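Visitor: Below is the file coords38.txt, with compact mmCIF, C-alpha atoms.
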# COMPACT_ATOMS: atom_id res chain seq x y z
CA MET A 105 5.80 -7.81 14.09
CA GLY A 106 5.99 -4.05 13.59
CA ILE A 107 4.79 -1.10 15.63
CA SER A 108 1.20 -0.52 16.73
CA VAL A 109 -0.54 2.20 18.74
CA ALA A 110 -4.11 3.44 18.68
CA ASN A 111 -5.04 4.18 15.07
CA PHE A 112 -1.51 3.57 13.71
CA ALA A 113 0.50 0.48 12.83
CA ALA A 114 3.68 -0.05 10.80
CA SER A 115 5.69 -3.04 9.69
CA ARG A 116 8.65 -3.88 7.48
CA VAL A 117 7.79 -5.74 4.27
CA THR A 118 10.43 -8.04 2.84
CA ALA A 119 10.90 -8.61 -0.88
CA SER A 120 9.44 -12.11 -0.95
CA ALA A 121 6.14 -13.90 -1.43
CA GLU A 122 6.05 -14.47 2.32
CA GLY A 123 6.65 -10.75 2.97
CA LEU A 124 3.74 -9.80 0.72
CA SER A 125 1.49 -12.35 2.43
CA LEU A 126 2.48 -11.03 5.85
CA ALA A 127 1.69 -7.45 4.75
CA ARG A 128 -1.83 -8.51 3.81
CA GLN A 129 -2.25 -10.44 7.10
CA PHE A 130 -0.90 -7.45 9.05
CA THR A 131 -3.50 -5.21 7.38
CA ARG A 132 -6.43 -7.56 8.02
CA CYS A 133 -5.36 -8.12 11.65
CA HIS A 134 -5.10 -4.42 12.49
CA LEU A 135 -8.32 -3.49 10.76
CA ALA A 136 -10.10 -6.21 12.75
CA ARG A 137 -8.49 -4.89 15.96
CA TRP A 138 -9.78 -1.40 15.09
CA GLY A 139 -13.30 -2.69 14.33
CA LEU A 140 -12.99 -2.00 10.59
CA ASP A 141 -13.69 -5.46 9.17
CA ASP A 142 -16.14 -3.97 6.66
CA VAL A 143 -13.31 -2.25 4.71
CA ALA A 144 -10.72 -4.98 5.21
CA ASP A 145 -11.10 -6.58 1.78
CA ASP A 146 -10.57 -3.27 -0.04
CA ALA A 147 -7.67 -2.26 2.20
CA VAL A 148 -5.99 -5.66 1.85
CA ALA A 149 -6.28 -5.44 -1.96
CA VAL A 150 -4.80 -1.93 -1.95
CA VAL A 151 -1.97 -2.92 0.41
CA GLY A 152 -1.29 -5.98 -1.74
CA GLU A 153 -0.89 -3.83 -4.86
CA LEU A 154 1.17 -1.09 -3.19
CA THR A 155 3.55 -3.49 -1.44
CA ALA A 156 3.96 -5.65 -4.56
CA ASN A 157 4.88 -2.53 -6.54
CA ALA A 158 7.40 -1.49 -3.88
CA VAL A 159 9.15 -4.82 -3.44
CA CYS A 160 8.85 -6.28 -6.93
CA HIS A 161 8.84 -3.44 -9.44
CA THR A 162 11.26 -0.77 -8.24
CA PRO A 163 15.03 -0.59 -8.73
CA ALA A 164 15.48 -0.77 -4.93
CA ALA A 165 13.16 -3.78 -4.54
CA SER A 166 15.64 -6.02 -2.73
CA GLY A 167 15.68 -3.60 0.21
CA GLY A 168 12.01 -4.23 0.97
CA ALA A 169 9.62 -1.52 2.10
CA TRP A 170 7.67 -0.18 5.08
CA LEU A 171 3.92 -0.45 5.38
CA ALA A 172 1.95 1.93 7.59
CA LEU A 173 -1.76 2.00 8.37
CA ALA A 174 -3.53 4.90 10.03
CA THR A 175 -7.19 5.62 10.67
CA SER A 176 -9.29 8.71 11.01
CA PRO A 177 -13.05 8.89 11.53
CA ARG A 178 -13.65 8.64 7.76
CA THR A 179 -10.68 6.81 6.22
CA VAL A 180 -8.02 4.17 6.51
CA MET A 181 -4.74 5.44 5.12
CA CYS A 182 -2.44 2.80 3.61
CA ILE A 183 1.13 4.02 3.05
CA VAL A 184 4.02 2.09 1.55
CA ARG A 185 7.51 3.57 1.69
CA ASP A 186 10.45 2.33 -0.39
CA THR A 187 13.91 3.63 -1.29
CA SER A 188 13.28 4.12 -5.00
CA PRO A 189 12.72 7.68 -6.24
CA ARG A 190 10.85 6.31 -9.29
CA ILE A 191 7.28 7.61 -9.17
CA PRO A 192 4.37 5.24 -9.73
CA SER A 193 2.81 5.39 -13.15
CA PRO A 194 -0.47 3.65 -13.98
CA ARG A 195 -0.37 1.78 -17.28
CA ARG A 196 -2.90 2.49 -19.97
CA ALA A 197 -6.05 0.40 -19.80
CA ASP A 198 -5.24 -1.08 -23.21
CA PHE A 199 -1.70 -2.09 -22.21
CA PRO A 200 -1.08 -5.30 -24.23
CA GLN A 201 -0.07 -7.73 -21.51
CA THR A 202 -1.42 -9.39 -18.42
CA GLY A 203 -0.71 -7.71 -15.10
CA GLY A 204 0.48 -4.18 -14.65
CA ARG A 205 -2.89 -2.77 -13.67
CA GLY A 206 -2.37 -2.62 -9.91
CA LEU A 207 -2.52 1.16 -9.65
CA ARG A 208 -5.86 1.11 -11.47
CA VAL A 209 -7.10 -1.29 -8.78
CA VAL A 210 -5.78 1.10 -6.11
CA ALA A 211 -7.54 4.03 -7.79
CA GLY A 212 -10.79 2.09 -8.02
CA LEU A 213 -10.83 1.02 -4.37
CA SER A 214 -9.62 4.25 -2.79
CA SER A 215 -11.16 7.69 -2.55
CA LEU A 216 -7.77 9.24 -3.33
CA TRP A 217 -4.23 7.99 -3.86
CA GLY A 218 -0.88 9.60 -4.55
CA TRP A 219 2.79 9.71 -3.69
CA SER A 220 5.48 11.96 -2.30
CA VAL A 221 9.14 11.79 -3.28
CA GLU A 222 11.68 12.29 -0.54
CA ASP A 223 15.50 12.46 -0.47
CA ASP A 224 15.84 8.74 0.14
CA GLY A 225 12.84 7.30 -1.71
CA LYS A 226 9.12 7.76 -1.90
CA ALA A 227 5.86 7.03 -0.12
CA VAL A 228 2.81 5.86 -2.07
CA TRP A 229 -0.50 6.16 -0.24
CA ALA A 230 -4.19 5.49 -0.66
CA ARG A 231 -7.25 6.49 1.38
CA ILE A 232 -9.93 3.86 1.84
CA PRO A 233 -13.30 5.34 2.85
CA ILE A 234 -14.85 3.95 6.03
Output the file's structure as structure tokens, nothing else.
Guide:
Amino acid sequence: MGISVANFAASRVTASAEGLSLARQFTRCHLARWGLDDVADDAVAVVGELTANAVCHTPAASGGAWLALATSPRTVMCIVRDTSPRIPSPRRADFPQTGGRGLRVVAGLSSLWGWSVEDDGKAVWARIPI
């Protein structure tokens, strides 16, 4: 399942409940392999939000997404790449419905998050402090 080398791992995420579950398992497994169990819960929550946004809430959702994890001495970088050029936009805190607050969760659990738009889509990323 995916590609893995020292301090880097990547996997395809399908647009399904099973795909989202596998993305979270992939994250937990690699963080354990890298000895980073203490940040696994935060990273899994961030990956869950970013992958759900990519495969459920973008115009290109049916194509799935790619998840990449990378580590440095101070952070775990979680990156989700999809084919939609639509940039992520956090909803207001007083948004009158349930759900839709995933990017606020990402912002709360990460030291920094952002995105980059490319010719064929975008990458949304978050840094989790170690």
Visitor: Just the residues within 9 Å of Gly225 of chain A, please, counting all atoms listed in the file, with nothing from its chain fewer than 5 positions along; format it as number ranges by chain.
Guide: A: 185-190, 220
Visitor: Within 12 Å of Ala110 of chain A, counting all atoms listed in the file, which residues show up once you throw out same-chain ones fewer than 2 positions away? Write them as number ranges by chain, please.
Guide: A: 107-108, 112-114, 134-135, 137-139, 173-176
Visitor: So which one's closest to Ser120 of chain A, A:Ile191, A:Val148, A:Ala169, A:Val159? Using only C-alpha atoms, please.
Guide: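 Looking only at the distances to Ser120 of chain A, the closest residue turns out to be A:Val159.
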Visitor: Mind pulling up the distance from atom CA of Leu207 of chain A to atom CA of Val221 of chain A?
Guide: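 Calculated distance between atom CA of Val221 of chain A and atom CA of Leu207 of chain A is 17.0 Å.
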Visitor: So which residues are close to (-8.8, -0.7, 3.7), meaning at most 10 Å away in the file's coordinates with only C-alpha atoms counted, and can you show them as a ChimeraX atom specification?
Guide: /A:131-132,135,140-151,173-175,179-182,213-214,230-234
Visitor: Between A:Ala211, A:Val184, A:Ala136, A:Leu171, which has the minimum distance to Ala227 of chain A (counting only C-alpha atoms)?
Guide: A:Val184
Visitor: In file coordinates, which residues lie within 7 Å of (13.8, -3.5, 0.0) using only C-alpha atoms, given as a count of residues only?
Guide: 10
Visitor: What gap, in Å, lies between atom CA of Pro177 of chain A and atom CA of Pro192 of chain A?
Guide: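 Pair atom CA of Pro177 of chain A / atom CA of Pro192 of chain A returns 27.7 Å.
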Visitor: With all atoms listed in the file as the atoms that count, which of A:Ser193, A:Trp170, A:Ala158, A:Trp219 lies nearest to Phe130 of chain A?
Guide: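 Ranked by minimum distance to Phe130 of chain A, first place goes to A:Trp170.
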Visitor: Could you tell me how far atom CA of Cys160 of chain A sits from atom CA of Glu222 of chain A, in Å to one decimal place?
Guide: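 Between atom CA of Glu222 of chain A and atom CA of Cys160 of chain A the gap is 19.8 Å.
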Visitor: With only C-alpha atoms as the basis for distance, which of A:Asp223, A:Arg208, A:Gly152, A:Ser215 is at the shortest distance from Arg178 of chain A?
Guide: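 Residue with the minimum atom-to-atom distance to Arg178 of chain A: A:Ser215.
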Visitor: When distances are computed from all atoms listed in the file, which of A:Glu153, A:Ala172, A:Val117, A:Val228 shows the smallest separation from Gly212 of chain A?
Guide: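 Of A:Glu153, A:Ala172, A:Val117, A:Val228, the one nearest Gly212 of chain A, counting all atoms listed in the file, is A:Glu153.
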Visitor: Could you put an axis-aligned box around every listed atom of segment 180-193 of chain A, padded by 5 Å on each side, and send me its centre and edge lengths in Å to one decimal, as AutoDock Vina command-line options?
Guide:
--center_x 2.9 --center_y 4.9 --center_z -3.3 --size_x 31.9 --size_y 15.6 --size_z 29.7
